[in-house]
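Asker: Handing you a structure now.
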Amino acid sequence: MTRPLRRHRAVLTGLAGVLVLAGCGGGEDATVAETAPSSDWEAVLAEADGQSVNWYMYGGDDTLNAFVDDVVTPRLADLGVSLNQVRIDDTAEAVNKVLGEKQAGRTEGGSVDAIWINGENFATGVQADLWRCGWSQDLPNARYVDLDAPEVATDFGTPVDGCEAAWQQANSALVYDSAVLDEDDVASVDSLFAWAEADPGRLAYPAPPDFFGSMAVRTVLYDTIGGPDSLLDGEPDPSSAAFTDATAATFERLNEIEPSLWRGGETYPQSQDDIEKLYSDGEISAFFTYGPGAVGTQVADGLYPDSTREAVLSVGNISNVSFVTIPANAAHQAGALVLANVLQEPEVQLALFEANGVYPAIDVASTPTDVQDAFAAVETSPSVLPLDELLADARPELASAYLAAIEDGWVAEVQQK
């Protein structure tokens with residue numbers, strides 16, 4: 001697999017280089033024009049006034065869509081920016097659209113202004129030199145973000161280099177029905193698998209490359225090798241003996257548990273939506289999630305049983321941050337900057353936490369006291385783990401090159417065998 005290339009920075013740094021409408025990413029097509037001093041956010045707002053931003057994002061979460069409609073869109077309207085939320089099923093759709101425009105020579109006036117992104121999709125854009133860079137650290141609200149935190153400074157092993165702005169935090173957890181499983185059953189991967197063997201058909205995960213299914217497989221991999229540390233040192237190398245041995249042992253465990261999965265592992269759900277419906281319908285009693293904060297809403301709405309609880313297995317959970325990136329050829333770059341800044345506003349982050357249980361990407365301790373108090377006052381469901389418990393043993397993501405190899409390996413060594 002081709003190693004991700006580091007993004008070349010534009011000649012100008014800060015907001016001076018991001019106000020222009022012409023593309024100014026790396027590559028021979030790049031052009032740079034300075035329109036305002038780097039500290040002049042007012043110039044960004046003036047440039048953005050009247051623009052309509054096409055934000056491409058996963059559209060399958062109704063609660064999140066409502067948050068965008070009810071909170072983000074009005075806030076942008078106050079600043080003179082219209083938002084067109086382009087709902088897609090897979091982030092790769094947006095990346096491929098930008099890539100296609102670049103290959104067609106469309107270096108400005110692009111149809112995609114912003115993308116909700118992380119992981120492999122971001123790395124693909126870095127390799128293809130699609131993104132605008134060197135801007136996210138200069139957003140006014142970036143002062144609330146710990147830019148040195150590993151999960152913010154790198155995205156699944158790829159240096160961010162100011163090419164995207166953090167706006168959400170995700171953490172994995174096991175969701176389970178405590179009327180069916182007890183705390184001993186959810187103490188570790190081994191105990192979970194022992195329960196599945198004793199009560200077959202009640203555990204499931206979606207088939208990778210589904211994002212959640214890939215995370216479930218990586219959880220088992222982390223458990224198999226005692227955590228990800230051995231794969232985090234140095235450049236990622238999917239051909240290394242350490243990695244191939246780790247995945248072989250992981251796939252062996254997954255093959256052993258397969259007959260105890262939903263439908264005997266003869267078929268796998270295709271998406272996390274399928275998994276959650278199986279749980280809601282009572283067909284399964286446990287599943288992995290990247291959105292533990294939203295589980296309380298599902299319980300309150302009567303979709304999940306009141307006995308729903310969450311656990312972090314002994315291996316720990318997997319944590320990452322998702323971002324907004326701006327293509328270098330985007331037509332409405334100033335408006336996209338305003339969008340990225342609005343998403344980092346403490347009040348908007350609070351509204352996201354209140355509405356959907358999504359954990360903040362900002363450092364809450366750096367916000368005004370009243371905002372900190374408001375975060376602390378948000379009532380959480382007894383079904384949801386407190387954030388401090390969730391983060392007590394958080395583990396980082398692997399590099400994107402490893403993810404692709406794990407997903408391909410799972411298809412070949414588990415699904416097709």
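Simple scheme: letters A, B, ... for chains in structure tokens order, numbers from 1 for residues in each chain, numbers from 1 for ligands in the order shown.
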Residues of region 89-311 of chain A classed as strand (DSSP E or B) by DSSP on the backbone are to be reported as a PyMOL selection string.
Answerer: chain A and resi 110+114-117+131+154-155+158-159+164-171+173-177+203+286-289+308-311
Asker: With only C-alpha atoms as the counted atoms, please give the residues lying no more than 12 Å from Gln372 (chain A), apart from itself and same-chain residues fewer than 3 positions off, as a PyMOL selection string.
Answerer: chain A and resi 144+346-347+349-350+360+362-369+375-378
Asker: Save out the residues we just selected, N, CA and C atoms, as a PDB file, in the first residue's frame.
Answerer:
ATOM      1  N   TYR A 144     -10.086  26.861  21.865  1.00  0.00           N
ATOM      2  CA  TYR A 144     -10.745  25.912  22.758  1.00  0.00           C
ATOM      3  C   TYR A 144     -10.360  24.465  22.457  1.00  0.00           C
ATOM      4  N   PRO A 346     -18.126  26.881  21.782  1.00  0.00           N
ATOM      5  CA  PRO A 346     -18.496  26.114  22.970  1.00  0.00           C
ATOM      6  C   PRO A 346     -19.991  25.876  23.100  1.00  0.00           C
ATOM      7  N   GLU A 347     -20.799  26.881  22.754  1.00  0.00           N
ATOM      8  CA  GLU A 347     -22.247  26.716  22.875  1.00  0.00           C
ATOM      9  C   GLU A 347     -22.786  25.710  21.866  1.00  0.00           C
ATOM     10  N   GLN A 349     -20.961  23.170  20.613  1.00  0.00           N
ATOM     11  CA  GLN A 349     -20.504  21.874  21.120  1.00  0.00           C
ATOM     12  C   GLN A 349     -21.398  21.388  22.258  1.00  0.00           C
ATOM     13  N   LEU A 350     -21.815  22.311  23.108  1.00  0.00           N
ATOM     14  CA  LEU A 350     -22.733  21.964  24.195  1.00  0.00           C
ATOM     15  C   LEU A 350     -24.070  21.495  23.641  1.00  0.00           C
ATOM     16  N   PRO A 360     -17.641  16.350  23.191  1.00  0.00           N
ATOM     17  CA  PRO A 360     -17.018  17.522  22.558  1.00  0.00           C
ATOM     18  C   PRO A 360     -15.595  17.256  22.085  1.00  0.00           C
ATOM     19  N   ILE A 362     -13.719  19.959  21.687  1.00  0.00           N
ATOM     20  CA  ILE A 362     -13.005  21.040  22.354  1.00  0.00           C
ATOM     21  C   ILE A 362     -12.589  20.605  23.754  1.00  0.00           C
ATOM     22  N   ASP A 363     -11.666  21.341  24.330  1.00  0.00           N
ATOM     23  CA  ASP A 363     -11.247  21.128  25.709  1.00  0.00           C
ATOM     24  C   ASP A 363     -12.174  21.948  26.596  1.00  0.00           C
ATOM     25  N   VAL A 364     -13.139  21.280  27.203  1.00  0.00           N
ATOM     26  CA  VAL A 364     -14.167  21.988  27.963  1.00  0.00           C
ATOM     27  C   VAL A 364     -13.553  22.825  29.073  1.00  0.00           C
ATOM     28  N   ALA A 365     -12.452  22.352  29.651  1.00  0.00           N
ATOM     29  CA  ALA A 365     -11.815  23.080  30.749  1.00  0.00           C
ATOM     30  C   ALA A 365     -11.287  24.446  30.318  1.00  0.00           C
ATOM     31  N   SER A 366     -11.131  24.659  29.001  1.00  0.00           N
ATOM     32  CA  SER A 366     -10.638  25.943  28.505  1.00  0.00           C
ATOM     33  C   SER A 366     -11.759  26.920  28.171  1.00  0.00           C
ATOM     34  N   THR A 367     -12.992  26.494  28.333  1.00  0.00           N
ATOM     35  CA  THR A 367     -14.130  27.346  27.995  1.00  0.00           C
ATOM     36  C   THR A 367     -14.535  28.201  29.192  1.00  0.00           C
ATOM     37  N   PRO A 368     -15.374  29.224  28.981  1.00  0.00           N
ATOM     38  CA  PRO A 368     -15.849  30.029  30.118  1.00  0.00           C
ATOM     39  C   PRO A 368     -16.525  29.168  31.177  1.00  0.00           C
ATOM     40  N   THR A 369     -16.498  29.669  32.397  1.00  0.00           N
ATOM     41  CA  THR A 369     -17.013  28.897  33.530  1.00  0.00           C
ATOM     42  C   THR A 369     -18.471  28.513  33.346  1.00  0.00           C
ATOM     43  N   PHE A 375     -22.050  22.118  30.753  1.00  0.00           N
ATOM     44  CA  PHE A 375     -21.676  20.750  30.396  1.00  0.00           C
ATOM     45  C   PHE A 375     -21.865  19.819  31.583  1.00  0.00           C
ATOM     46  N   ALA A 376     -21.419  20.260  32.752  1.00  0.00           N
ATOM     47  CA  ALA A 376     -21.509  19.421  33.948  1.00  0.00           C
ATOM     48  C   ALA A 376     -22.951  19.162  34.353  1.00  0.00           C
ATOM     49  N   ALA A 377     -23.834  20.091  34.003  1.00  0.00           N
ATOM     50  CA  ALA A 377     -25.231  19.970  34.424  1.00  0.00           C
ATOM     51  C   ALA A 377     -26.068  19.108  33.490  1.00  0.00           C
ATOM     52  N   VAL A 378     -25.522  18.726  32.343  1.00  0.00           N
ATOM     53  CA  VAL A 378     -26.290  17.898  31.407  1.00  0.00           C
ATOM     54  C   VAL A 378     -26.566  16.541  32.043  1.00  0.00           C
TER      55      VAL A 378
END
Asker: Leaving out Val152 (chain A) and any residue of its chain fewer than 6 positions from it, which residues lie within 8 Å of it when counting only C-alpha atoms, given as a count of residues only?
Answerer: 4
Asker: I'd like to know which of A:Tyr359, A:Tyr58, A:Tyr304, A:Phe287 is closest to Leu391 (chain A), using only C-alpha atoms.
Answerer: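 Selected residue with least distance to Leu391 (chain A): A:Tyr359.
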Asker: Which of region 158-271 of chain A counts as helix (DSSP H, G or I) under DSSP, as a ChimeraX atom specification please?
Answerer: /A:189-198,211-225,229-231,241-260,262-265
Asker: Which value, in Å to one decimal, gives the distance between CA of Val44 (chain A) and CA of Ser82 (chain A)?
Answerer: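 Between CA of Val44 (chain A) and CA of Ser82 (chain A) the gap works out to 14.9 Å.
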Asker: Give the answer as one residue: which of A:Ala207, A:Val217, A:Val384, A:Leu254 has the shortest atom-to-atom distance to Pro269 (chain A), using only C-alpha atoms?
Answerer: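 Counting only C-alpha atoms, the residue closest to Pro269 (chain A) is A:Ala207.
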Asker: Can you measure CA of Ala114 (chain A) to CA of Val72 (chain A) for me? One decimal in Å is fine.
Answerer: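 Here the two named atoms are 13.9 Å from each other.
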Asker: List the neighbours of Lys417 (chain A) out to 12 Å using only C-alpha atoms; skip same-chain residues closer than 4 positions along the sequence, and give me the result as a list in words.
Answerer: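 Counting only the stated atoms, we get Phe251, Glu252, Leu254, Asn255, Glu256, Glu258, Gly265, Glu266, Thr267, Gly409, Trp410, Val411, Ala412 and Glu413 of chain A.
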